[in-house]
>>> print(open('entry-v4.pdb').read())   # PDB, C-alpha atoms
ATOM      1  CA  MET A 263     -17.471 -16.659   1.954  1.00  0.00           C
ATOM      2  CA  PHE A 264     -19.350 -13.794   3.626  1.00  0.00           C
ATOM      3  CA  PHE A 265     -16.126 -12.438   5.151  1.00  0.00           C
ATOM      4  CA  GLY A 266     -14.454 -12.547   1.725  1.00  0.00           C
ATOM      5  CA  TYR A 267     -17.213 -10.542   0.054  1.00  0.00           C
ATOM      6  CA  LEU A 268     -17.334  -8.121   2.988  1.00  0.00           C
ATOM      7  CA  SER A 269     -13.593  -7.474   2.749  1.00  0.00           C
ATOM      8  CA  ILE A 270     -13.870  -6.981  -1.042  1.00  0.00           C
ATOM      9  CA  PHE A 271     -16.578  -4.361  -0.481  1.00  0.00           C
ATOM     10  CA  LEU A 272     -14.614  -2.677   2.333  1.00  0.00           C
ATOM     11  CA  PHE A 273     -11.382  -2.404   0.347  1.00  0.00           C
ATOM     12  CA  ALA A 274     -13.213  -1.224  -2.793  1.00  0.00           C
ATOM     13  CA  PHE A 275     -14.914   1.473  -0.712  1.00  0.00           C
ATOM     14  CA  LEU A 276     -11.640   2.535   0.956  1.00  0.00           C
ATOM     15  CA  SER A 277      -9.758   2.705  -2.337  1.00  0.00           C
ATOM     16  CA  THR A 278     -12.488   4.860  -3.894  1.00  0.00           C
ATOM     17  CA  LEU A 279     -12.758   7.120  -0.837  1.00  0.00           C
ATOM     18  CA  SER A 280      -9.013   7.595  -0.563  1.00  0.00           C
ATOM     19  CA  PHE A 281      -8.669   8.310  -4.309  1.00  0.00           C
ATOM     20  CA  VAL A 282     -11.294  11.051  -4.027  1.00  0.00           C
ATOM     21  CA  ARG A 283      -9.646  12.479  -0.889  1.00  0.00           C
ATOM     22  CA  ILE A 284      -6.228  12.614  -2.582  1.00  0.00           C
ATOM     23  CA  LYS A 285      -7.580  14.166  -5.769  1.00  0.00           C
ATOM     24  CA  THR A 286      -9.755  16.797  -4.056  1.00  0.00           C
ATOM     25  CA  GLY A 287      -7.749  17.268  -0.855  1.00  0.00           C
ATOM     26  CA  LYS A 288      -5.515  20.060   0.424  1.00  0.00           C
ATOM     27  CA  LYS A 289      -2.481  18.971  -1.661  1.00  0.00           C
ATOM     28  CA  ILE A 290      -0.622  17.897   1.466  1.00  0.00           C
ATOM     29  CA  ALA A 291      -0.485  14.509   3.127  1.00  0.00           C
ATOM     30  CA  GLU A 292      -3.456  14.332   5.520  1.00  0.00           C
ATOM     31  CA  PHE A 293      -3.179  11.866   8.382  1.00  0.00           C
ATOM     32  CA  VAL A 294      -5.778   9.105   8.809  1.00  0.00           C
ATOM     33  CA  TYR A 295      -3.958   6.955  11.358  1.00  0.00           C
ATOM     34  CA  ASN A 296      -6.800   7.297  13.866  1.00  0.00           C
ATOM     35  CA  PHE A 297      -8.839   4.829  11.760  1.00  0.00           C
ATOM     36  CA  GLY A 298      -6.436   3.779   9.013  1.00  0.00           C
ATOM     37  CA  PHE A 299      -3.863   2.098  11.208  1.00  0.00           C
ATOM     38  CA  LEU A 300      -5.851  -1.151  11.127  1.00  0.00           C
ATOM     39  CA  ILE A 301      -4.781  -1.583   7.493  1.00  0.00           C
ATOM     40  CA  GLY A 302      -1.365   0.013   7.988  1.00  0.00           C
ATOM     41  CA  SER A 303      -2.294   3.480   6.736  1.00  0.00           C
ATOM     42  CA  PHE A 304      -1.097   6.747   8.161  1.00  0.00           C
ATOM     43  CA  VAL A 305      -2.137   9.081   5.325  1.00  0.00           C
ATOM     44  CA  TRP A 306      -4.660   8.930   2.459  1.00  0.00           C
ATOM     45  CA  GLU A 307      -1.924   7.943   0.010  1.00  0.00           C
ATOM     46  CA  ASP A 308      -1.135   4.864   2.127  1.00  0.00           C
ATOM     47  CA  MET A 309      -4.832   4.086   2.337  1.00  0.00           C
ATOM     48  CA  PHE A 310      -5.215   4.192  -1.454  1.00  0.00           C
ATOM     49  CA  ILE A 311      -2.351   1.837  -2.272  1.00  0.00           C
ATOM     50  CA  PHE A 312      -2.947  -0.553   0.621  1.00  0.00           C
ATOM     51  CA  SER A 313      -6.691  -0.785  -0.008  1.00  0.00           C
ATOM     52  CA  ILE A 314      -5.966  -1.786  -3.609  1.00  0.00           C
ATOM     53  CA  TYR A 315      -3.572  -4.442  -2.263  1.00  0.00           C
ATOM     54  CA  GLY A 316      -6.279  -5.559   0.191  1.00  0.00           C
ATOM     55  CA  LEU A 317      -8.843  -5.656  -2.615  1.00  0.00           C
ATOM     56  CA  VAL A 318      -6.623  -7.841  -4.811  1.00  0.00           C
ATOM     57  CA  ALA A 319      -5.780 -10.075  -1.838  1.00  0.00           C
ATOM     58  CA  SER A 320      -9.475 -10.399  -0.915  1.00  0.00           C
ATOM     59  CA  VAL A 321     -10.517 -11.207  -4.490  1.00  0.00           C
ATOM     60  CA  ALA A 322      -7.727 -13.779  -4.825  1.00  0.00           C
ATOM     61  CA  THR A 323      -8.558 -15.365  -1.479  1.00  0.00           C
ATOM     62  CA  THR A 324     -12.291 -15.503  -2.226  1.00  0.00           C
ATOM     63  CA  TRP A 325     -11.734 -16.805  -5.761  1.00  0.00           C
ATOM     64  CA  LEU A 326      -9.352 -19.529  -4.538  1.00  0.00           C
ATOM     65  CA  GLY A 327     -11.725 -20.360  -1.680  1.00  0.00           C
ATOM     66  CA  GLN A 328      -8.833 -20.927   0.697  1.00  0.00           C
ATOM     67  CA  TYR A 329      -8.430 -18.472   3.526  1.00  0.00           C
ATOM     68  CA  LYS A 330      -4.837 -19.530   4.099  1.00  0.00           C
ATOM     69  CA  TYR A 331      -3.952 -17.289   1.137  1.00  0.00           C
ATOM     70  CA  GLY A 332      -5.657 -14.390   2.882  1.00  0.00           C
ATOM     71  CA  LEU A 333      -3.594 -15.089   5.982  1.00  0.00           C
ATOM     72  CA  LEU A 334      -0.458 -15.256   3.848  1.00  0.00           C
ATOM     73  CA  PHE A 335      -1.243 -11.886   2.205  1.00  0.00           C
ATOM     74  CA  PHE A 336      -1.996 -10.394   5.637  1.00  0.00           C
ATOM     75  CA  LEU A 337       1.185 -11.664   7.301  1.00  0.00           C
ATOM     76  CA  VAL A 338       3.481 -10.702   4.439  1.00  0.00           C
ATOM     77  CA  PHE A 339       1.872  -7.244   4.398  1.00  0.00           C
ATOM     78  CA  TRP A 340       2.569  -6.632   8.070  1.00  0.00           C
ATOM     79  CA  ILE A 341       6.114  -8.015   7.843  1.00  0.00           C
ATOM     80  CA  VAL A 342       6.989  -5.653   4.996  1.00  0.00           C
ATOM     81  CA  ARG A 343       5.006  -2.676   6.320  1.00  0.00           C
ATOM     82  CA  SER A 344       6.418  -2.876   9.809  1.00  0.00           C
ATOM     83  CA  ALA A 345       9.968  -3.406   8.504  1.00  0.00           C
ATOM     84  CA  GLY A 346       9.622  -0.369   6.228  1.00  0.00           C
ATOM     85  CA  GLU A 347       8.225   1.824   8.966  1.00  0.00           C
ATOM     86  CA  THR A 348      10.878   0.634  11.413  1.00  0.00           C
ATOM     87  CA  LEU A 349      13.591   1.616   8.948  1.00  0.00           C
ATOM     88  CA  TYR A 350      11.884   4.944   8.247  1.00  0.00           C
ATOM     89  CA  PHE A 351      11.634   5.906  11.911  1.00  0.00           C
ATOM     90  CA  PHE A 352      15.202   4.739  12.521  1.00  0.00           C
ATOM     91  CA  LEU A 353      16.506   6.926   9.704  1.00  0.00           C
ATOM     92  CA  GLU A 354      14.361   9.887  10.780  1.00  0.00           C
ATOM     93  CA  GLN A 355      16.111   9.821  14.165  1.00  0.00           C
ATOM     94  CA  PHE A 356      19.683   9.796  12.906  1.00  0.00           C
ATOM     95  CA  ILE A 357      19.936  11.255   9.409  1.00  0.00           C
ATOM     96  CA  GLU A 358      19.636  14.922   8.693  1.00  0.00           C
ATOM     97  CA  PRO A 359      19.613  15.286   4.920  1.00  0.00           C
ATOM     98  CA  LYS A 360      21.267  18.427   3.619  1.00  0.00           C
ATOM     99  CA  HIS A 361      19.934  18.015   0.088  1.00  0.00           C
ATOM    100  CA  PHE A 362      18.487  15.388  -2.196  1.00  0.00           C
ATOM    101  CA  PRO A 363      20.994  13.503  -4.317  1.00  0.00           C
ATOM    102  CA  HIS A 364      18.752  14.364  -7.249  1.00  0.00           C
ATOM    103  CA  TYR A 365      15.436  16.091  -7.648  1.00  0.00           C
ATOM    104  CA  VAL A 366      12.868  13.708  -9.161  1.00  0.00           C
ATOM    105  CA  ASP A 367       9.794  15.936  -9.073  1.00  0.00           C
ATOM    106  CA  GLU A 368       9.481  15.970 -12.880  1.00  0.00           C
ATOM    107  CA  HIS A 369       9.229  12.170 -12.897  1.00  0.00           C
ATOM    108  CA  PHE A 370       5.937  12.349 -10.992  1.00  0.00           C
ATOM    109  CA  ARG A 371       3.926  13.731 -13.932  1.00  0.00           C
ATOM    110  CA  PRO A 372       2.034  10.411 -14.436  1.00  0.00           C
ATOM    111  CA  LEU A 373       0.963  10.445 -10.772  1.00  0.00           C
ATOM    112  CA  ARG A 374      -0.225  14.026 -11.094  1.00  0.00           C
ATOM    113  CA  LYS A 375      -2.227  13.131 -14.191  1.00  0.00           C
ATOM    114  CA  ILE A 376      -4.060  10.559 -12.067  1.00  0.00           C
ATOM    115  CA  PHE A 377      -4.442  12.490  -8.780  1.00  0.00           C
ATOM    116  CA  GLY A 378      -4.238  16.121  -9.882  1.00  0.00           C
ATOM    117  CA  HIS A 379      -1.694  18.630  -8.603  1.00  0.00           C
ATOM    118  CA  ILE A 380      -0.454  16.751  -5.542  1.00  0.00           C
ATOM    119  CA  SER A 381       2.629  17.707  -3.558  1.00  0.00           C
ATOM    120  CA  TYR A 382       6.111  16.260  -3.898  1.00  0.00           C
ATOM    121  CA  GLN A 383       5.667  14.665  -0.458  1.00  0.00           C
ATOM    122  CA  GLN A 384       2.456  12.932  -1.573  1.00  0.00           C
ATOM    123  CA  CYS A 385       4.209  11.597  -4.685  1.00  0.00           C
ATOM    124  CA  LEU A 386       7.054  10.190  -2.599  1.00  0.00           C
ATOM    125  CA  ILE A 387       4.580   8.491  -0.253  1.00  0.00           C
ATOM    126  CA  ILE A 388       2.640   6.922  -3.136  1.00  0.00           C
ATOM    127  CA  MET A 389       5.865   5.631  -4.690  1.00  0.00           C
ATOM    128  CA  GLN A 390       7.175   4.298  -1.375  1.00  0.00           C
ATOM    129  CA  VAL A 391       4.060   2.305  -0.559  1.00  0.00           C
ATOM    130  CA  THR A 392       3.637   1.168  -4.157  1.00  0.00           C
ATOM    131  CA  PHE A 393       7.030  -0.483  -4.047  1.00  0.00           C
ATOM    132  CA  GLN A 394       6.244  -1.993  -0.649  1.00  0.00           C
ATOM    133  CA  VAL A 395       3.140  -3.570  -2.207  1.00  0.00           C
ATOM    134  CA  ILE A 396       5.193  -4.831  -5.133  1.00  0.00           C
ATOM    135  CA  LEU A 397       7.606  -6.430  -2.683  1.00  0.00           C
ATOM    136  CA  MET A 398       4.756  -7.994  -0.689  1.00  0.00           C
ATOM    137  CA  SER A 399       3.120  -9.371  -3.821  1.00  0.00           C
ATOM    138  CA  SER A 400       6.435 -10.799  -4.946  1.00  0.00           C
ATOM    139  CA  ILE A 401       6.979 -12.564  -1.628  1.00  0.00           C
ATOM    140  CA  VAL A 402       3.446 -14.025  -1.738  1.00  0.00           C
ATOM    141  CA  GLY A 403       4.024 -15.183  -5.320  1.00  0.00           C
ATOM    142  CA  LEU A 404       7.350 -16.744  -4.403  1.00  0.00           C
ATOM    143  CA  ILE A 405       5.957 -18.598  -1.391  1.00  0.00           C
ATOM    144  CA  THR A 406       2.985 -19.848  -3.427  1.00  0.00           C
ATOM    145  CA  LEU A 407       5.291 -20.973  -6.214  1.00  0.00           C
ATOM    146  CA  LEU A 408       7.610 -22.773  -3.789  1.00  0.00           C
ATOM    147  CA  PHE A 409       4.745 -24.625  -2.088  1.00  0.00           C
ATOM    148  CA  SER A 410       3.240 -25.731  -5.397  1.00  0.00           C
ATOM    149  CA  TRP A 411       6.504 -26.269  -7.255  1.00  0.00           C
ATOM    150  CA  ASP A 412       5.784 -29.939  -7.959  1.00  0.00           C
ATOM    151  CA  LYS A 413       2.445 -29.093  -9.655  1.00  0.00           C
ATOM    152  CA  PHE A 414       4.039 -27.082 -12.449  1.00  0.00           C
TER     153      PHE A 414
END
>>> encode(input="entry-v4.pdb", output="C-alpha coordinates")
Amino acid sequence: MFFGYLSIFLFAFLSTLSFVRIKTGKKIAEFVYNFGFLIGSFVWEDMFIFSIYGLVASVATTWLGQYKYGLLFFLVFWIVRSAGETLYFFLEQFIEPKHFPHYVDEHFRPLRKIFGHISYQQCLIIMQVTFQVILMSSIVGLITLLFSWDKF
(Lines of atoms letter the chains of each structure in order from A and count residues from 1; the text may use other names and numbers.)
(Lines give C-alpha, C1' and ligand atoms only; values in the text may rest on other atoms or scores of the structure.)
Protein backbone atom coordinates (compact mmCIF):
# COMPACT_ATOMS: atom_id res chain seq x y z
CA MET A 1 0.00 0.00 0.00
CA PHE A 2 2.85 2.41 0.78
CA PHE A 3 4.20 2.13 -2.78
CA GLY A 4 0.72 2.87 -4.16
CA TYR A 5 0.32 6.04 -2.11
CA LEU A 6 3.89 7.09 -2.91
CA SER A 7 3.28 6.71 -6.65
CA ILE A 8 0.00 8.67 -6.37
CA PHE A 9 1.87 11.52 -4.67
CA LEU A 10 4.73 11.38 -7.20
CA PHE A 11 2.46 11.48 -10.25
CA ALA A 12 0.27 14.22 -8.75
CA PHE A 13 3.41 16.28 -8.10
CA LEU A 14 4.78 15.67 -11.62
CA SER A 15 1.49 16.55 -13.30
CA THR A 16 1.24 19.80 -11.33
CA LEU A 17 4.90 20.71 -11.95
CA SER A 18 4.70 19.97 -15.65
CA PHE A 19 1.43 21.93 -16.03
CA VAL A 20 3.07 24.98 -14.44
CA ARG A 21 6.20 24.58 -16.60
CA ILE A 22 4.12 24.39 -19.80
CA LYS A 23 1.94 27.35 -18.87
CA THR A 24 4.79 29.62 -17.74
CA GLY A 25 7.58 28.26 -19.94
CA LYS A 26 9.36 29.61 -23.00
CA LYS A 27 6.56 28.59 -25.43
CA ILE A 28 8.77 25.94 -26.99
CA ALA A 29 9.11 22.28 -26.11
CA GLU A 30 11.75 22.05 -23.36
CA PHE A 31 13.49 18.71 -22.97
CA VAL A 32 13.35 16.84 -19.64
CA TYR A 33 14.66 13.46 -20.80
CA ASN A 34 17.56 13.60 -18.34
CA PHE A 35 15.09 12.80 -15.52
CA GLY A 36 11.80 12.25 -17.32
CA PHE A 37 12.82 9.21 -19.32
CA LEU A 38 11.95 6.93 -16.40
CA ILE A 39 8.27 7.64 -17.10
CA GLY A 40 8.72 7.90 -20.87
CA SER A 41 8.92 11.69 -21.04
CA PHE A 42 11.17 13.69 -23.29
CA VAL A 43 9.53 17.12 -22.91
CA TRP A 44 7.24 18.78 -20.34
CA GLU A 45 4.19 18.08 -22.50
CA ASP A 46 4.95 14.34 -22.36
CA MET A 47 5.48 14.61 -18.62
CA PHE A 48 2.08 16.25 -18.12
CA ILE A 49 0.04 13.69 -20.03
CA PHE A 50 1.98 10.65 -18.84
CA SER A 51 1.93 11.73 -15.19
CA ILE A 52 -1.86 12.01 -15.39
CA TYR A 53 -1.93 8.49 -16.87
CA GLY A 54 0.39 7.33 -14.06
CA LEU A 55 -1.82 9.03 -11.47
CA VAL A 56 -4.97 7.31 -12.77
CA ALA A 57 -3.13 3.98 -12.99
CA SER A 58 -1.79 4.37 -9.44
CA VAL A 59 -5.20 5.31 -8.02
CA ALA A 60 -6.86 2.39 -9.82
CA THR A 61 -4.18 -0.05 -8.68
CA THR A 62 -4.31 1.16 -5.07
CA TRP A 63 -8.11 1.20 -5.02
CA LEU A 64 -8.32 -2.33 -6.45
CA GLY A 65 -5.58 -3.49 -4.08
CA GLN A 66 -4.05 -5.70 -6.75
CA TYR A 67 -0.66 -4.72 -8.05
CA LYS A 68 -1.08 -6.88 -11.13
CA TYR A 69 -3.18 -4.02 -12.55
CA GLY A 70 -0.29 -1.66 -11.95
CA LEU A 71 2.00 -4.03 -13.82
CA LEU A 72 -0.55 -4.24 -16.64
CA PHE A 73 -0.77 -0.42 -16.89
CA PHE A 74 3.04 -0.20 -16.82
CA LEU A 75 3.62 -2.85 -19.50
CA VAL A 76 0.93 -1.55 -21.85
CA PHE A 77 2.36 1.96 -21.43
CA TRP A 78 5.85 0.91 -22.46
CA ILE A 79 4.58 -1.21 -25.36
CA VAL A 80 2.62 1.71 -26.81
CA ARG A 81 5.20 4.38 -25.95
CA SER A 82 8.13 2.48 -27.39
CA ALA A 83 6.16 1.52 -30.52
CA GLY A 84 5.16 5.16 -31.05
CA GLU A 85 8.68 6.44 -30.56
CA THR A 86 10.09 3.72 -32.81
CA LEU A 87 7.71 4.77 -35.57
CA TYR A 88 8.50 8.44 -34.99
CA PHE A 89 12.26 7.97 -35.24
CA PHE A 90 11.83 5.71 -38.27
CA LEU A 91 9.78 8.34 -40.07
CA GLU A 92 12.15 11.15 -39.04
CA GLN A 93 14.96 9.31 -40.83
CA PHE A 94 13.21 8.77 -44.15
CA ILE A 95 10.44 11.31 -44.69
CA GLU A 96 11.10 14.90 -45.54
CA PRO A 97 7.75 16.67 -45.46
CA LYS A 98 7.36 19.47 -47.97
CA HIS A 99 4.18 20.82 -46.41
CA PHE A 100 1.39 19.78 -44.09
CA PRO A 101 -1.63 18.22 -45.76
CA HIS A 102 -3.67 20.72 -43.78
CA TYR A 103 -2.90 23.32 -41.17
CA VAL A 104 -4.70 22.52 -37.91
CA ASP A 105 -3.34 25.31 -35.72
CA GLU A 106 -6.80 26.87 -35.25
CA HIS A 107 -8.09 23.60 -33.80
CA PHE A 108 -5.73 23.95 -30.83
CA ARG A 109 -7.64 26.85 -29.23
CA PRO A 110 -8.94 24.65 -26.35
CA LEU A 111 -5.37 23.58 -25.52
CA ARG A 112 -4.23 27.19 -25.53
CA LYS A 113 -7.08 28.14 -23.20
CA ILE A 114 -5.71 25.58 -20.75
CA PHE A 115 -1.94 26.14 -21.16
CA GLY A 116 -1.73 29.70 -22.46
CA HIS A 117 -0.10 30.71 -25.73
CA ILE A 118 1.88 27.55 -26.45
CA SER A 119 3.54 26.77 -29.77
CA TYR A 120 2.15 24.65 -32.58
CA GLN A 121 4.85 22.06 -31.81
CA GLN A 122 3.74 21.86 -28.17
CA CYS A 123 0.12 21.37 -29.25
CA LEU A 124 1.09 18.54 -31.59
CA ILE A 125 3.07 16.85 -28.82
CA ILE A 126 0.18 17.10 -26.34
CA MET A 127 -2.23 15.65 -28.91
CA GLN A 128 0.16 12.85 -29.88
CA VAL A 129 0.73 11.66 -26.33
CA THR A 130 -2.92 12.14 -25.39
CA PHE A 131 -3.94 9.69 -28.08
CA GLN A 132 -1.20 7.29 -27.01
CA VAL A 133 -2.68 7.36 -23.50
CA ILE A 134 -6.15 6.79 -24.90
CA LEU A 135 -4.84 3.77 -26.78
CA MET A 136 -3.07 2.43 -23.68
CA SER A 137 -6.18 2.87 -21.54
CA SER A 138 -8.25 1.11 -24.17
CA ILE A 139 -5.89 -1.86 -24.27
CA VAL A 140 -5.92 -2.12 -20.46
CA GLY A 141 -9.72 -1.94 -20.47
CA LEU A 142 -9.96 -4.60 -23.16
CA ILE A 143 -7.59 -6.99 -21.39
CA THR A 144 -9.42 -6.48 -18.08
CA LEU A 145 -12.76 -7.06 -19.77
CA LEU A 146 -11.53 -10.22 -21.50
CA PHE A 147 -10.13 -11.69 -18.28
CA SER A 148 -13.32 -10.99 -16.34
CA TRP A 149 -15.76 -11.67 -19.17
CA ASP A 150 -17.56 -14.44 -17.28
CA LYS A 151 -18.29 -12.11 -14.31
CA PHE A 152 -20.43 -9.72 -16.33
>>> atom_distance(input="entry-v4.pdb", atom1="CA of Phe275 (chain A)", atom2="CA of Ile387 (chain A)")
20.7 Å
>>> residues_around(input="entry-v4.pdb", residues="Cys385 (chain A)", least_positions_apart="5", cutoff="8 Å", atoms="all atoms listed in the file", output="ChimeraX atom specification")
/A:370,373,380
>>> resolve_selection(input="entry-v4.pdb", expression="the PyMOL selection byres ((chain A and resi 302-319) around 9)", output="PDB file with C-alpha atoms, keeping the file's coordinate frame")
ATOM      1  CA  SER A 269     -13.593  -7.474   2.749  1.00  0.00           C
ATOM      2  CA  ILE A 270     -13.870  -6.981  -1.042  1.00  0.00           C
ATOM      3  CA  PHE A 271     -16.578  -4.361  -0.481  1.00  0.00           C
ATOM      4  CA  LEU A 272     -14.614  -2.677   2.333  1.00  0.00           C
ATOM      5  CA  PHE A 273     -11.382  -2.404   0.347  1.00  0.00           C
ATOM      6  CA  ALA A 274     -13.213  -1.224  -2.793  1.00  0.00           C
ATOM      7  CA  PHE A 275     -14.914   1.473  -0.712  1.00  0.00           C
ATOM      8  CA  LEU A 276     -11.640   2.535   0.956  1.00  0.00           C
ATOM      9  CA  SER A 277      -9.758   2.705  -2.337  1.00  0.00           C
ATOM     10  CA  THR A 278     -12.488   4.860  -3.894  1.00  0.00           C
ATOM     11  CA  LEU A 279     -12.758   7.120  -0.837  1.00  0.00           C
ATOM     12  CA  SER A 280      -9.013   7.595  -0.563  1.00  0.00           C
ATOM     13  CA  PHE A 281      -8.669   8.310  -4.309  1.00  0.00           C
ATOM     14  CA  ARG A 283      -9.646  12.479  -0.889  1.00  0.00           C
ATOM     15  CA  ILE A 284      -6.228  12.614  -2.582  1.00  0.00           C
ATOM     16  CA  ALA A 291      -0.485  14.509   3.127  1.00  0.00           C
ATOM     17  CA  GLU A 292      -3.456  14.332   5.520  1.00  0.00           C
ATOM     18  CA  PHE A 293      -3.179  11.866   8.382  1.00  0.00           C
ATOM     19  CA  VAL A 294      -5.778   9.105   8.809  1.00  0.00           C
ATOM     20  CA  TYR A 295      -3.958   6.955  11.358  1.00  0.00           C
ATOM     21  CA  ASN A 296      -6.800   7.297  13.866  1.00  0.00           C
ATOM     22  CA  PHE A 297      -8.839   4.829  11.760  1.00  0.00           C
ATOM     23  CA  GLY A 298      -6.436   3.779   9.013  1.00  0.00           C
ATOM     24  CA  PHE A 299      -3.863   2.098  11.208  1.00  0.00           C
ATOM     25  CA  LEU A 300      -5.851  -1.151  11.127  1.00  0.00           C
ATOM     26  CA  ILE A 301      -4.781  -1.583   7.493  1.00  0.00           C
ATOM     27  CA  SER A 320      -9.475 -10.399  -0.915  1.00  0.00           C
ATOM     28  CA  VAL A 321     -10.517 -11.207  -4.490  1.00  0.00           C
ATOM     29  CA  ALA A 322      -7.727 -13.779  -4.825  1.00  0.00           C
ATOM     30  CA  THR A 323      -8.558 -15.365  -1.479  1.00  0.00           C
ATOM     31  CA  THR A 324     -12.291 -15.503  -2.226  1.00  0.00           C
ATOM     32  CA  TYR A 331      -3.952 -17.289   1.137  1.00  0.00           C
ATOM     33  CA  GLY A 332      -5.657 -14.390   2.882  1.00  0.00           C
ATOM     34  CA  PHE A 335      -1.243 -11.886   2.205  1.00  0.00           C
ATOM     35  CA  PHE A 336      -1.996 -10.394   5.637  1.00  0.00           C
ATOM     36  CA  PHE A 339       1.872  -7.244   4.398  1.00  0.00           C
ATOM     37  CA  TRP A 340       2.569  -6.632   8.070  1.00  0.00           C
ATOM     38  CA  ARG A 343       5.006  -2.676   6.320  1.00  0.00           C
ATOM     39  CA  SER A 344       6.418  -2.876   9.809  1.00  0.00           C
ATOM     40  CA  GLN A 384       2.456  12.932  -1.573  1.00  0.00           C
ATOM     41  CA  CYS A 385       4.209  11.597  -4.685  1.00  0.00           C
ATOM     42  CA  ILE A 387       4.580   8.491  -0.253  1.00  0.00           C
ATOM     43  CA  ILE A 388       2.640   6.922  -3.136  1.00  0.00           C
ATOM     44  CA  VAL A 391       4.060   2.305  -0.559  1.00  0.00           C
ATOM     45  CA  THR A 392       3.637   1.168  -4.157  1.00  0.00           C
ATOM     46  CA  VAL A 395       3.140  -3.570  -2.207  1.00  0.00           C
ATOM     47  CA  SER A 399       3.120  -9.371  -3.821  1.00  0.00           C
TER      48      SER A 399
END
>>> atom_distance(input="entry-v4.pdb", atom1="CA of Glu354 (chain A)", atom2="CA of Leu386 (chain A)")
15.2 Å
>>> axis_aligned_box(input="entry-v4.pdb", around="region 374-381 of chain A", padding_each_side="4 Å", output="lines of an AutoDock Vina configuration file")
center_x = -0.9
center_y = 14.6
center_z = -8.9
size_x = 15.1
size_y = 16.1
size_z = 18.6
>>> closest_residue(input="entry-v4.pdb", among="A:Ile290, A:Val282, A:Val338, A:Gly327", to="Ile396 (chain A)", atoms="only C-alpha atoms")
A:Val338
>>> atom_distance(input="entry-v4.pdb", atom1="CA of Ile405 (chain A)", atom2="CA of Gly346 (chain A)")
20.1 Å
>>> closest_residue(input="entry-v4.pdb", among="A:Thr348, A:Gln383, A:Thr406, A:Thr286", to="Lys330 (chain A)", atoms="all atoms listed in the file")
A:Thr406
>>> closest_residue(input="entry-v4.pdb", among="A:Met263, A:Leu337, A:Phe356, A:His369", to="Ile401 (chain A)", atoms="all atoms listed in the file")
A:Leu337
>>> closest_residue(input="entry-v4.pdb", among="A:Leu349, A:Ser400, A:Leu268, A:Lys289", to="Ser381 (chain A)", atoms="all atoms listed in the file")
A:Lys289
>>> build_atoms(input="entry-v4.pdb", residues="region 306-317 of chain A", atoms="N, CA and C atoms", output="short mmCIF file (atom, residue, chain, number, x, y, z; two decimals), in the frame of the given file")
data_model
loop_
_atom_site.label_atom_id
_atom_site.label_comp_id
_atom_site.auth_asym_id
_atom_site.auth_seq_id
_atom_site.Cartn_x
_atom_site.Cartn_y
_atom_site.Cartn_z
N TRP A 306 -3.75 9.38 3.52
CA TRP A 306 -4.66 8.93 2.46
C TRP A 306 -3.93 8.19 1.35
N GLU A 307 -2.69 8.59 1.07
CA GLU A 307 -1.92 7.94 0.01
C GLU A 307 -1.62 6.50 0.38
N ASP A 308 -1.29 6.25 1.65
CA ASP A 308 -1.14 4.86 2.13
C ASP A 308 -2.43 4.10 1.94
N MET A 309 -3.52 4.73 2.39
CA MET A 309 -4.83 4.09 2.34
C MET A 309 -5.18 3.66 0.91
N PHE A 310 -4.89 4.51 -0.06
CA PHE A 310 -5.22 4.19 -1.45
C PHE A 310 -4.46 2.95 -1.93
N ILE A 311 -3.16 2.95 -1.78
CA ILE A 311 -2.35 1.84 -2.27
C ILE A 311 -2.65 0.56 -1.49
N PHE A 312 -2.73 0.66 -0.18
CA PHE A 312 -2.95 -0.55 0.62
C PHE A 312 -4.35 -1.11 0.46
N SER A 313 -5.34 -0.26 0.21
CA SER A 313 -6.69 -0.78 -0.01
C SER A 313 -6.78 -1.50 -1.36
N ILE A 314 -6.01 -1.05 -2.34
CA ILE A 314 -5.97 -1.79 -3.61
C ILE A 314 -5.30 -3.15 -3.38
N TYR A 315 -4.22 -3.17 -2.62
CA TYR A 315 -3.57 -4.44 -2.26
C TYR A 315 -4.57 -5.34 -1.52
N GLY A 316 -5.29 -4.79 -0.55
CA GLY A 316 -6.28 -5.56 0.19
C GLY A 316 -7.39 -6.07 -0.70
N LEU A 317 -7.80 -5.25 -1.67
CA LEU A 317 -8.84 -5.66 -2.62
C LEU A 317 -8.37 -6.84 -3.46
#
